[in-house]
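Content type PDB, C-alpha atoms and all ligand atoms, from the file coords16.pdb:
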ATOM      1  CA  MET A   1     -27.766  62.268  50.659
ATOM      2  CA  PRO A   2     -29.253  58.765  50.146
ATOM      3  CA  GLU A   3     -28.217  57.070  46.920
ATOM      4  CA  THR A   4     -30.731  57.108  44.058
ATOM      5  CA  LEU A   5     -31.360  53.435  43.419
ATOM      6  CA  VAL A   6     -33.441  53.912  40.277
ATOM      7  CA  LEU A   7     -32.333  56.640  37.886
ATOM      8  CA  ILE A   8     -35.135  58.195  35.861
ATOM      9  CA  SER A   9     -34.735  59.953  32.530
ATOM     10  CA  GLN A  10     -37.029  60.826  29.664
ATOM     11  CA  THR A  11     -36.587  61.455  25.940
ATOM     12  CA  ALA A  12     -39.773  62.545  24.169
ATOM     13  CA  SER A  13     -42.406  60.081  25.446
ATOM     14  CA  VAL A  14     -39.962  57.316  26.412
ATOM     15  CA  ARG A  15     -39.222  57.025  30.152
ATOM     16  CA  THR A  16     -36.040  55.120  31.061
ATOM     17  CA  LEU A  17     -35.629  53.579  34.517
ATOM     18  CA  THR A  18     -32.086  52.456  35.353
ATOM     19  CA  LEU A  19     -31.444  50.144  38.310
ATOM     20  CA  ASN A  20     -28.543  51.791  40.068
ATOM     21  CA  ARG A  21     -26.635  49.562  42.483
ATOM     22  CA  PRO A  22     -23.774  48.688  40.106
ATOM     23  CA  ALA A  23     -21.344  47.563  42.848
ATOM     24  CA  ALA A  24     -23.820  44.785  43.775
ATOM     25  CA  LEU A  25     -24.804  44.157  40.134
ATOM     26  CA  ASN A  26     -28.087  46.036  40.686
ATOM     27  CA  SER A  27     -29.402  43.329  42.982
ATOM     28  CA  PHE A  28     -32.683  44.071  44.753
ATOM     29  CA  THR A  29     -32.862  45.528  48.244
ATOM     30  CA  SER A  30     -36.220  46.515  49.677
ATOM     31  CA  ALA A  31     -35.257  50.158  49.097
ATOM     32  CA  MET A  32     -34.589  49.530  45.390
ATOM     33  CA  HIS A  33     -37.885  47.635  45.142
ATOM     34  CA  ALA A  34     -39.698  50.636  46.614
ATOM     35  CA  GLU A  35     -38.022  53.084  44.230
ATOM     36  CA  LEU A  36     -38.696  50.898  41.196
ATOM     37  CA  LEU A  37     -42.349  50.420  42.070
ATOM     38  CA  ALA A  38     -42.771  54.156  42.692
ATOM     39  CA  ALA A  39     -41.048  54.950  39.381
ATOM     40  CA  LEU A  40     -43.300  52.504  37.510
ATOM     41  CA  ASP A  41     -46.388  53.970  39.220
ATOM     42  CA  ASP A  42     -45.255  57.450  38.277
ATOM     43  CA  ALA A  43     -44.717  56.452  34.636
ATOM     44  CA  ALA A  44     -48.111  54.729  34.606
ATOM     45  CA  ASN A  45     -49.806  57.894  35.880
ATOM     46  CA  ASP A  46     -48.028  60.317  33.552
ATOM     47  CA  ALA A  47     -49.929  60.828  30.307
ATOM     48  CA  ALA A  48     -46.716  62.094  28.660
ATOM     49  CA  VAL A  49     -45.154  58.621  28.938
ATOM     50  CA  ARG A  50     -45.940  56.178  26.125
ATOM     51  CA  CYS A  51     -43.183  53.607  26.638
ATOM     52  CA  VAL A  52     -40.965  52.577  29.567
ATOM     53  CA  VAL A  53     -37.455  51.153  29.225
ATOM     54  CA  LEU A  54     -35.922  49.198  32.092
ATOM     55  CA  THR A  55     -32.138  48.760  32.224
ATOM     56  CA  GLY A  56     -29.195  48.478  34.612
ATOM     57  CA  ALA A  57     -26.246  50.722  35.468
ATOM     58  CA  GLY A  58     -22.739  49.363  34.973
ATOM     59  CA  ARG A  59     -21.961  45.864  33.739
ATOM     60  CA  ALA A  60     -25.115  44.079  34.928
ATOM     61  CA  PHE A  61     -28.831  44.265  34.284
ATOM     62  CA  CYS A  62     -29.818  42.853  37.696
ATOM     63  CA  ALA A  63     -28.459  39.982  39.832
ATOM     64  CA  GLY A  64     -31.816  39.294  41.502
ATOM     65  CA  GLN A  65     -32.387  39.491  45.218
ATOM     66  CA  ASP A  66     -29.506  41.042  47.199
ATOM     67  CA  LEU A  67     -28.485  37.981  49.160
ATOM     68  CA  ALA A  68     -26.761  40.122  51.790
ATOM     69  CA  ASP A  69     -29.932  42.074  52.567
ATOM     70  CA  PRO A  70     -30.876  41.346  56.207
ATOM     71  CA  LEU A  71     -34.399  40.811  54.945
ATOM     72  CA  VAL A  72     -33.372  37.484  53.392
ATOM     73  CA  ALA A  73     -29.843  36.650  54.578
ATOM     74  CA  PRO A  74     -29.969  33.676  56.951
ATOM     75  CA  ASP A  75     -29.163  34.748  60.504
ATOM     76  CA  THR A  76     -26.454  32.412  61.757
ATOM     77  CA  ALA A  77     -26.697  33.480  65.404
ATOM     78  CA  PRO A  78     -27.615  30.574  67.697
ATOM     79  CA  GLY A  79     -31.390  30.348  68.156
ATOM     80  CA  ALA A  80     -32.107  32.942  65.426
ATOM     81  CA  GLN A  81     -35.399  32.503  63.557
ATOM     82  CA  ALA A  82     -35.246  31.522  59.861
ATOM     83  CA  LYS A  83     -36.451  34.238  57.469
ATOM     84  CA  ASP A  84     -39.796  33.738  55.745
ATOM     85  CA  LEU A  85     -38.950  34.276  52.078
ATOM     86  CA  GLY A  86     -42.608  33.870  51.119
ATOM     87  CA  ARG A  87     -43.273  37.123  52.947
ATOM     88  CA  VAL A  88     -40.589  38.835  50.864
ATOM     89  CA  ILE A  89     -42.235  37.549  47.700
ATOM     90  CA  GLU A  90     -45.642  38.770  48.896
ATOM     91  CA  LEU A  91     -44.349  42.185  49.919
ATOM     92  CA  LEU A  92     -41.895  42.944  47.138
ATOM     93  CA  TYR A  93     -41.854  40.647  44.114
ATOM     94  CA  LYS A  94     -45.571  40.030  43.608
ATOM     95  CA  PRO A  95     -46.399  43.757  43.452
ATOM     96  CA  LEU A  96     -43.536  44.298  40.996
ATOM     97  CA  VAL A  97     -44.644  41.556  38.603
ATOM     98  CA  ARG A  98     -48.278  42.670  38.840
ATOM     99  CA  ARG A  99     -47.242  46.265  38.156
ATOM    100  CA  LEU A 100     -45.280  45.262  35.046
ATOM    101  CA  HIS A 101     -48.199  43.267  33.652
ATOM    102  CA  SER A 102     -50.675  46.087  34.373
ATOM    103  CA  MET A 103     -48.643  48.996  32.984
ATOM    104  CA  PRO A 104     -50.784  51.147  30.675
ATOM    105  CA  VAL A 105     -47.845  51.474  28.259
ATOM    106  CA  PRO A 106     -45.420  48.963  26.741
ATOM    107  CA  VAL A 107     -42.320  48.098  28.785
ATOM    108  CA  VAL A 108     -39.008  47.215  27.134
ATOM    109  CA  ALA A 109     -36.150  45.480  28.957
ATOM    110  CA  ALA A 110     -32.727  46.640  27.765
ATOM    111  CA  VAL A 111     -30.600  43.821  29.132
ATOM    112  CA  ASN A 112     -27.142  45.363  29.194
ATOM    113  CA  GLY A 113     -25.366  42.603  31.124
ATOM    114  CA  VAL A 114     -25.925  39.637  33.380
ATOM    115  CA  ALA A 115     -29.525  39.053  34.500
ATOM    116  CA  ALA A 116     -29.710  36.470  37.290
ATOM    117  CA  GLY A 117     -32.471  35.070  39.497
ATOM    118  CA  ALA A 118     -35.270  37.567  39.929
ATOM    119  CA  GLY A 119     -33.263  39.881  37.650
ATOM    120  CA  ALA A 120     -33.572  37.430  34.756
ATOM    121  CA  ASN A 121     -37.291  37.065  35.311
ATOM    122  CA  LEU A 122     -37.690  40.814  35.690
ATOM    123  CA  ALA A 123     -36.501  41.106  32.088
ATOM    124  CA  LEU A 124     -38.750  38.271  30.905
ATOM    125  CA  ASN A 125     -41.807  39.978  32.435
ATOM    126  CA  CYS A 126     -41.284  43.008  30.201
ATOM    127  CA  ASP A 127     -43.238  43.167  26.949
ATOM    128  CA  LEU A 128     -40.140  43.040  24.759
ATOM    129  CA  ALA A 129     -36.610  42.228  25.887
ATOM    130  CA  LEU A 130     -33.553  43.278  23.902
ATOM    131  CA  ALA A 131     -30.206  42.010  25.140
ATOM    132  CA  ALA A 132     -26.623  42.913  24.359
ATOM    133  CA  ARG A 133     -24.642  39.986  22.939
ATOM    134  CA  GLY A 134     -22.444  40.016  26.038
ATOM    135  CA  ALA A 135     -25.436  39.782  28.375
ATOM    136  CA  SER A 136     -26.578  36.524  29.907
ATOM    137  CA  PHE A 137     -29.530  35.017  31.739
ATOM    138  CA  ILE A 138     -29.177  32.767  34.780
ATOM    139  CA  GLN A 139     -31.999  31.024  36.620
ATOM    140  CA  ALA A 140     -29.784  31.073  39.704
ATOM    141  CA  PHE A 141     -32.457  29.940  42.151
ATOM    142  CA  ALA A 142     -31.697  26.202  42.399
ATOM    143  CA  LYS A 143     -28.091  27.007  43.279
ATOM    144  CA  ILE A 144     -29.305  28.505  46.551
ATOM    145  CA  GLY A 145     -32.096  25.983  47.156
ATOM    146  CA  LEU A 146     -35.023  27.956  45.722
ATOM    147  CA  ILE A 147     -37.415  27.707  42.776
ATOM    148  CA  PRO A 148     -37.712  30.277  39.978
ATOM    149  CA  ASP A 149     -39.817  33.161  41.293
ATOM    150  CA  THR A 150     -40.801  36.612  40.006
ATOM    151  CA  GLY A 151     -43.147  34.813  37.619
ATOM    152  CA  GLY A 152     -40.470  32.372  36.443
ATOM    153  CA  THR A 153     -42.557  29.226  36.897
ATOM    154  CA  TRP A 154     -45.293  30.791  34.758
ATOM    155  CA  LEU A 155     -43.052  32.386  32.143
ATOM    156  CA  LEU A 156     -40.271  29.907  31.471
ATOM    157  CA  PRO A 157     -42.283  26.883  30.235
ATOM    158  CA  ARG A 158     -44.509  29.191  28.197
ATOM    159  CA  LEU A 159     -41.630  31.012  26.538
ATOM    160  CA  ALA A 160     -39.108  28.223  26.117
ATOM    161  CA  GLY A 161     -41.150  25.016  26.434
ATOM    162  CA  ARG A 162     -41.050  22.628  29.398
ATOM    163  CA  ALA A 163     -37.860  20.773  28.448
ATOM    164  CA  ARG A 164     -35.779  23.932  28.149
ATOM    165  CA  ALA A 165     -37.459  25.504  31.185
ATOM    166  CA  MET A 166     -36.566  22.459  33.276
ATOM    167  CA  GLY A 167     -32.955  22.526  32.085
ATOM    168  CA  LEU A 168     -32.599  26.239  32.763
ATOM    169  CA  ALA A 169     -34.261  26.101  36.179
ATOM    170  CA  MET A 170     -32.710  22.889  37.473
ATOM    171  CA  LEU A 171     -29.153  23.483  36.268
ATOM    172  CA  GLY A 172     -28.980  27.259  36.711
ATOM    173  CA  ASP A 173     -26.394  27.549  33.942
ATOM    174  CA  LYS A 174     -25.569  30.817  32.250
ATOM    175  CA  LEU A 175     -27.552  31.229  29.015
ATOM    176  CA  SER A 176     -25.995  33.596  26.480
ATOM    177  CA  ALA A 177     -28.140  36.357  25.023
ATOM    178  CA  SER A 178     -27.989  34.721  21.592
ATOM    179  CA  ASP A 179     -29.215  31.424  23.052
ATOM    180  CA  ALA A 180     -31.920  33.307  24.966
ATOM    181  CA  GLU A 181     -33.089  34.653  21.616
ATOM    182  CA  ARG A 182     -32.869  31.171  20.055
ATOM    183  CA  PHE A 183     -34.880  29.703  22.967
ATOM    184  CA  GLY A 184     -37.616  32.314  22.499
ATOM    185  CA  LEU A 185     -36.999  33.923  25.892
ATOM    186  CA  ILE A 186     -36.286  37.372  24.467
ATOM    187  CA  TRP A 187     -37.192  39.372  21.401
ATOM    188  CA  LYS A 188     -33.699  40.078  20.111
ATOM    189  CA  CYS A 189     -29.981  39.891  20.845
ATOM    190  CA  VAL A 190     -27.941  42.766  19.388
ATOM    191  CA  GLU A 191     -24.274  43.722  19.336
ATOM    192  CA  ASP A 192     -23.163  45.283  22.643
ATOM    193  CA  ALA A 193     -22.393  48.698  21.152
ATOM    194  CA  ALA A 194     -25.702  48.747  19.253
ATOM    195  CA  LEU A 195     -27.920  48.147  22.302
ATOM    196  CA  PRO A 196     -28.633  51.803  23.240
ATOM    197  CA  ASP A 197     -29.578  52.800  19.675
ATOM    198  CA  GLU A 198     -31.611  49.633  19.070
ATOM    199  CA  VAL A 199     -33.495  50.101  22.338
ATOM    200  CA  SER A 200     -34.100  53.762  21.647
ATOM    201  CA  ALA A 201     -35.423  53.041  18.131
ATOM    202  CA  LEU A 202     -37.688  50.267  19.415
ATOM    203  CA  ALA A 203     -39.007  52.301  22.359
ATOM    204  CA  HIS A 204     -39.764  55.371  20.229
ATOM    205  CA  ARG A 205     -41.445  53.142  17.653
ATOM    206  CA  LEU A 206     -43.637  51.581  20.341
ATOM    207  CA  ALA A 207     -44.376  55.020  21.798
ATOM    208  CA  ALA A 208     -45.792  56.138  18.442
ATOM    209  CA  MET A 209     -48.059  53.095  18.197
ATOM    210  CA  PRO A 210     -51.630  52.687  19.483
ATOM    211  CA  THR A 211     -50.812  52.210  23.182
ATOM    212  CA  ARG A 212     -54.197  50.855  24.184
ATOM    213  CA  ALA A 213     -54.037  48.125  21.559
ATOM    214  CA  LEU A 214     -50.510  47.150  22.620
ATOM    215  CA  VAL A 215     -51.543  46.917  26.260
ATOM    216  CA  ALA A 216     -54.716  45.015  25.355
ATOM    217  CA  THR A 217     -52.524  42.582  23.399
ATOM    218  CA  ARG A 218     -50.404  41.891  26.503
ATOM    219  CA  LYS A 219     -53.528  41.420  28.594
ATOM    220  CA  ALA A 220     -55.082  39.098  26.017
ATOM    221  CA  PHE A 221     -51.921  36.977  25.791
ATOM    222  CA  ASP A 222     -51.621  36.823  29.594
ATOM    223  CA  THR A 223     -55.221  35.775  30.119
ATOM    224  CA  ALA A 224     -55.522  33.485  27.080
ATOM    225  CA  GLN A 225     -52.986  31.148  28.708
ATOM    226  CA  HIS A 226     -55.699  29.557  30.841
ATOM    227  CA  LEU A 227     -58.664  29.943  28.463
ATOM    228  CA  THR A 228     -60.224  27.560  25.982
ATOM    229  CA  LEU A 229     -60.233  28.666  22.349
ATOM    230  CA  ALA A 230     -63.935  29.517  22.671
ATOM    231  CA  GLU A 231     -63.234  31.682  25.719
ATOM    232  CA  ALA A 232     -60.274  33.348  24.016
ATOM    233  CA  LEU A 233     -62.488  34.181  21.022
ATOM    234  CA  ASP A 234     -64.987  35.795  23.423
ATOM    235  CA  GLU A 235     -62.193  37.849  24.997
ATOM    236  CA  GLU A 236     -60.953  38.930  21.555
ATOM    237  CA  ALA A 237     -64.439  40.118  20.653
ATOM    238  CA  LEU A 238     -64.691  42.119  23.890
ATOM    239  CA  SER A 239     -61.312  43.754  23.390
ATOM    240  CA  GLN A 240     -61.928  44.475  19.727
ATOM    241  CA  SER A 241     -65.263  46.019  20.660
ATOM    242  CA  ALA A 242     -63.640  48.401  23.155
ATOM    243  CA  LEU A 243     -60.746  49.245  20.825
ATOM    244  CA  GLY A 244     -63.069  49.788  17.876
ATOM    245  CA  PHE A 245     -64.816  52.605  19.760
ATOM    246  CA  ALA A 246     -61.497  54.296  20.592
ATOM    247  CA  HIS A 247     -59.954  57.211  18.727
ATOM    248  CA  ASP A 248     -56.855  55.268  17.682
ATOM    249  CA  TYR A 249     -58.853  52.867  15.529
ATOM    250  CA  GLN A 250     -60.592  55.738  13.727
ATOM    251  CA  GLU A 251     -57.202  57.405  13.265
ATOM    252  CA  GLY A 252     -55.477  54.217  12.080
ATOM    253  CA  VAL A 253     -58.085  53.539   9.434
ATOM    254  CA  ALA A 254     -58.246  57.207   8.342
ATOM    255  CA  ALA A 255     -54.454  57.335   8.029
ATOM    256  CA  PHE A 256     -54.420  54.105   6.028
ATOM    257  CA  GLY A 257     -57.040  55.512   3.644
ATOM    258  CA  ALA A 258     -55.227  58.826   3.274
ATOM    259  CA  LYS A 259     -51.851  57.099   2.846
ATOM    260  CA  ARG A 260     -50.340  59.141   5.686
ATOM    261  CA  ALA A 261     -48.649  58.267   8.978
ATOM    262  CA  PRO A 262     -51.155  57.822  11.823
ATOM    263  CA  GLN A 263     -51.051  60.047  14.908
ATOM    264  CA  PHE A 264     -52.090  57.784  17.758
ATOM    265  CA  THR A 265     -53.002  59.540  20.985
ATOM    266  CA  ASP A 266     -55.068  57.152  23.143
ATOM    267  CA  ARG A 267     -53.426  55.823  26.282
TER     268      ARG A 267
HETATM  269  O1  LIG B 301     -34.463  35.415  48.761
HETATM  270  C1  LIG B 301     -35.635  35.799  48.578
HETATM  271  O2  LIG B 301     -36.159  36.799  49.076
HETATM  272  C2  LIG B 301     -36.430  35.101  47.606
HETATM  273  C3  LIG B 301     -36.283  35.799  46.325
HETATM  274  C4  LIG B 301     -35.291  35.387  45.514
HETATM  275  C5  LIG B 301     -35.110  36.013  44.218
HETATM  276  C6  LIG B 301     -33.744  35.784  43.666
HETATM  277  O3  LIG B 301     -33.335  36.565  42.864
HETATM  278  S1  LIG B 301     -32.851  34.452  44.212
HETATM  279  C7  LIG B 301     -31.355  34.579  43.242
HETATM  280  C8  LIG B 301     -30.425  35.622  43.780
HETATM  281  N1  LIG B 301     -29.326  35.888  42.876
HETATM  282  C9  LIG B 301     -28.309  35.055  42.744
HETATM  283  O4  LIG B 301     -28.232  33.995  43.323
HETATM  284  C10 LIG B 301     -27.180  35.536  41.848
HETATM  285  C11 LIG B 301     -25.940  35.756  42.668
HETATM  286  N2  LIG B 301     -24.883  36.323  41.856
HETATM  287  C12 LIG B 301     -24.147  35.568  41.042
HETATM  288  O5  LIG B 301     -24.327  34.387  40.879
HETATM  289  C13 LIG B 301     -23.039  36.272  40.328
HETATM  290  O6  LIG B 301     -22.732  37.458  41.009
HETATM  291  C14 LIG B 301     -23.363  36.606  38.864
HETATM  292  C15 LIG B 301     -23.375  35.314  38.039
HETATM  293  C16 LIG B 301     -24.681  37.337  38.722
HETATM  294  C17 LIG B 301     -22.243  37.513  38.284
HETATM  295  O7  LIG B 301     -20.992  36.915  38.523
HETATM  296  P1  LIG B 301     -19.653  37.771  38.337
HETATM  297  O8  LIG B 301     -18.512  36.833  38.551
HETATM  298  O9  LIG B 301     -19.716  38.513  37.067
HETATM  299  O10 LIG B 301     -19.708  38.886  39.508
HETATM  300  P2  LIG B 301     -19.454  38.659  41.058
HETATM  301  O11 LIG B 301     -18.006  38.870  41.357
HETATM  302  O12 LIG B 301     -20.064  37.400  41.523
HETATM  303  O13 LIG B 301     -20.309  39.869  41.682
HETATM  304  C18 LIG B 301     -19.822  41.210  41.693
HETATM  305  C19 LIG B 301     -20.241  41.822  43.003
HETATM  306  O14 LIG B 301     -21.669  41.851  43.066
HETATM  307  C20 LIG B 301     -19.768  40.989  44.193
HETATM  308  O15 LIG B 301     -19.516  41.879  45.251
HETATM  309  P3  LIG B 301     -17.996  42.213  45.696
HETATM  310  O16 LIG B 301     -17.350  40.896  46.027
HETATM  311  O17 LIG B 301     -17.387  42.875  44.494
HETATM  312  O18 LIG B 301     -18.160  43.117  46.875
HETATM  313  C21 LIG B 301     -20.987  40.161  44.511
HETATM  314  O19 LIG B 301     -21.039  39.741  45.853
HETATM  315  C22 LIG B 301     -22.113  41.163  44.230
HETATM  316  N3  LIG B 301     -23.360  40.465  43.947
HETATM  317  C23 LIG B 301     -23.683  39.798  42.828
HETATM  318  N4  LIG B 301     -24.900  39.281  42.938
HETATM  319  C24 LIG B 301     -25.349  39.633  44.161
HETATM  320  C25 LIG B 301     -24.366  40.382  44.808
HETATM  321  N5  LIG B 301     -24.521  40.856  46.035
HETATM  322  C26 LIG B 301     -25.681  40.569  46.658
HETATM  323  N6  LIG B 301     -26.677  39.842  46.093
HETATM  324  C27 LIG B 301     -26.552  39.371  44.851
HETATM  325  N7  LIG B 301     -27.563  38.686  44.286
END
If you convert what's in this file into structure tokens, what do you get?
Amino acid sequence: MPETLVLISQTASVRTLTLNRPAALNSFTSAMHAELLAALDDAANDAAVRCVVLTGAGRAFCAGQDLADPLVAPDTAPGAQAKDLGRVIELLYKPLVRRLHSMPVPVVAAVNGVAAGAGANLALNCDLALAARGASFIQAFAKIGLIPDTGGTWLLPRLAGRARAMGLAMLGDKLSASDAERFGLIWKCVEDAALPDEVSALAHRLAAMPTRALVATRKAFDTAQHLTLAEALDEEALSQSALGFAHDYQEGVAAFGAKRAPQFTDR
């Protein structure tokens, strides 16, 4: 039986995807990429899912690309052709980042341990990242002669500012979860033992919220990065127009007026 590289579980409307190559710190092979993308697609297409949690099995979140994978490992045989890593990015990492940013539900990273290279940026691409105090983030790329990928060049300066992004990317040092919170890279650092309960509470809270508005918020933040204020105001008007016609807005306002909890159902 082939190993299941992404474990899938569901509690109420929260779908949890667990990267499952603990012996290699959940580093990415092409097979794990394929399973993760399929699992994200499946969650996106399932109306019963209103929030996705991404985490890792064992002591790591994800150590990035599996450097032993023949897809990327330099072939030392005489006359062997060098591997084109750009092709790997095109085939595997680009679709993953695009999928995360186009999910129709919020995505939470539960960073249970070390997150290195593409694994660190995988977490940063999620809508909210919670990390255990013992977890850490490493922009490991420069150590092997690469630049931050998996959206790292776009995310890091925006989240942490250019000075901190440069330090993280050029030095590749381990950043503790509490410093990641202090730098603005993640939403929150919590005690190790509290991570599962904190993640569960956050994910169920998000699942009960107006999904379409949450997703439109992500989209607006992503696109506003390259817009002028005037253009961003136009985009806000367009989004607000669409959301204002949706059921969740009617429900939110009705619930506010009736002093009751809203029942959001749009997705
Ligand atoms: O290449 C392309 O296609 C371009 C795309 C690149 C995207 C990237 O992600 S590039 C960056 C790749 N990742 C790294 O460079 C991180 C490499 N790993 C580490 O630096 C360390 O393992 C950690 C700092 C993450 C953790 O250190 P530590 O001391 O806690 O654990 P360890 O002993 O180093 O690792 C435990 C095992 O996991 C070990 O295997 P073993 O000796 O027990 O059989 C180690 O080889 C394996 N492992 C960890 N990371 C990877 C890995 N195996 C393959 N690939 C890995 N990335």
Centre and size of axis-aligned box enclosing ligand LIG 301 (chain B) plus 6 Å each side, as JSON:
{"center_x": -26.9, "center_y": 38.6, "center_z": 43.1, "size_x": 31.1, "size_y": 21.1, "size_z": 24.0}
What residues have any atom no more than 8 Å from ligand LIG 301 (chain B) when counting only C-alpha atoms and all ligand atoms, and can you list them as number ranges by chain?
A: 22-28, 60, 62-69, 71-73, 85-86, 88-89, 93, 114-119, 138-141, 143-144, 146, 148-150, 174
Pick from A:Gly184, A:Pro262, A:Pro74, A:Gly145 nearest to Gln250 (chain A), counting all atoms listed in the file:
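Closest residue, counting all atoms listed in the file: A:Pro262.
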Apply the PyMOL selection byres (((chain A and resi 47) around 10) and not hetatm) to the structure shown and report the selected residues as an mmCIF file with C-alpha atoms, keeping the file's coordinate frame.
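Result file expr35.cif:
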data_model
loop_
_atom_site.group_PDB
_atom_site.id
_atom_site.type_symbol
_atom_site.label_atom_id
_atom_site.label_comp_id
_atom_site.auth_asym_id
_atom_site.auth_seq_id
_atom_site.Cartn_x
_atom_site.Cartn_y
_atom_site.Cartn_z
ATOM 1 C CA SER A 13 -42.406 60.081 25.446
ATOM 2 C CA ASP A 42 -45.255 57.450 38.277
ATOM 3 C CA ALA A 43 -44.717 56.452 34.636
ATOM 4 C CA ALA A 44 -48.111 54.729 34.606
ATOM 5 C CA ASN A 45 -49.806 57.894 35.880
ATOM 6 C CA ASP A 46 -48.028 60.317 33.552
ATOM 7 C CA ALA A 48 -46.716 62.094 28.660
ATOM 8 C CA VAL A 49 -45.154 58.621 28.938
ATOM 9 C CA ARG A 50 -45.940 56.178 26.125
ATOM 10 C CA PRO A 104 -50.784 51.147 30.675
ATOM 11 C CA VAL A 105 -47.845 51.474 28.259
ATOM 12 C CA THR A 265 -53.002 59.540 20.985
ATOM 13 C CA ASP A 266 -55.068 57.152 23.143
ATOM 14 C CA ARG A 267 -53.426 55.823 26.282
#
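Ranking A:Ala110, A:Leu37, A:Ala254, A:Ala213 by their shortest atom-to-atom distance to Glu236 (chain A), with only C-alpha atoms included, puts A:Ala213 first.
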Find the residues with any atom within 9 Å of (-50.8, 50.3, 21.9); use only C-alpha atoms and the coordinates as given in the file, and write the answer as a PDB file with C-alpha atoms, in the coordinates of the input.
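Final output, saved to part.pdb:
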ATOM      1  CA  ARG A  50     -45.940  56.178  26.125  1.00  0.00           C
ATOM      2  CA  PRO A 104     -50.784  51.147  30.675  1.00  0.00           C
ATOM      3  CA  VAL A 105     -47.845  51.474  28.259  1.00  0.00           C
ATOM      4  CA  PRO A 106     -45.420  48.963  26.741  1.00  0.00           C
ATOM      5  CA  LEU A 206     -43.637  51.581  20.341  1.00  0.00           C
ATOM      6  CA  ALA A 207     -44.376  55.020  21.798  1.00  0.00           C
ATOM      7  CA  ALA A 208     -45.792  56.138  18.442  1.00  0.00           C
ATOM      8  CA  MET A 209     -48.059  53.095  18.197  1.00  0.00           C
ATOM      9  CA  PRO A 210     -51.630  52.687  19.483  1.00  0.00           C
ATOM     10  CA  THR A 211     -50.812  52.210  23.182  1.00  0.00           C
ATOM     11  CA  ARG A 212     -54.197  50.855  24.184  1.00  0.00           C
ATOM     12  CA  ALA A 213     -54.037  48.125  21.559  1.00  0.00           C
ATOM     13  CA  LEU A 214     -50.510  47.150  22.620  1.00  0.00           C
ATOM     14  CA  VAL A 215     -51.543  46.917  26.260  1.00  0.00           C
ATOM     15  CA  ALA A 216     -54.716  45.015  25.355  1.00  0.00           C
ATOM     16  CA  THR A 217     -52.524  42.582  23.399  1.00  0.00           C
ATOM     17  CA  ASP A 248     -56.855  55.268  17.682  1.00  0.00           C
ATOM     18  CA  PHE A 264     -52.090  57.784  17.758  1.00  0.00           C
ATOM     19  CA  ASP A 266     -55.068  57.152  23.143  1.00  0.00           C
ATOM     20  CA  ARG A 267     -53.426  55.823  26.282  1.00  0.00           C
TER      21      ARG A 267
END
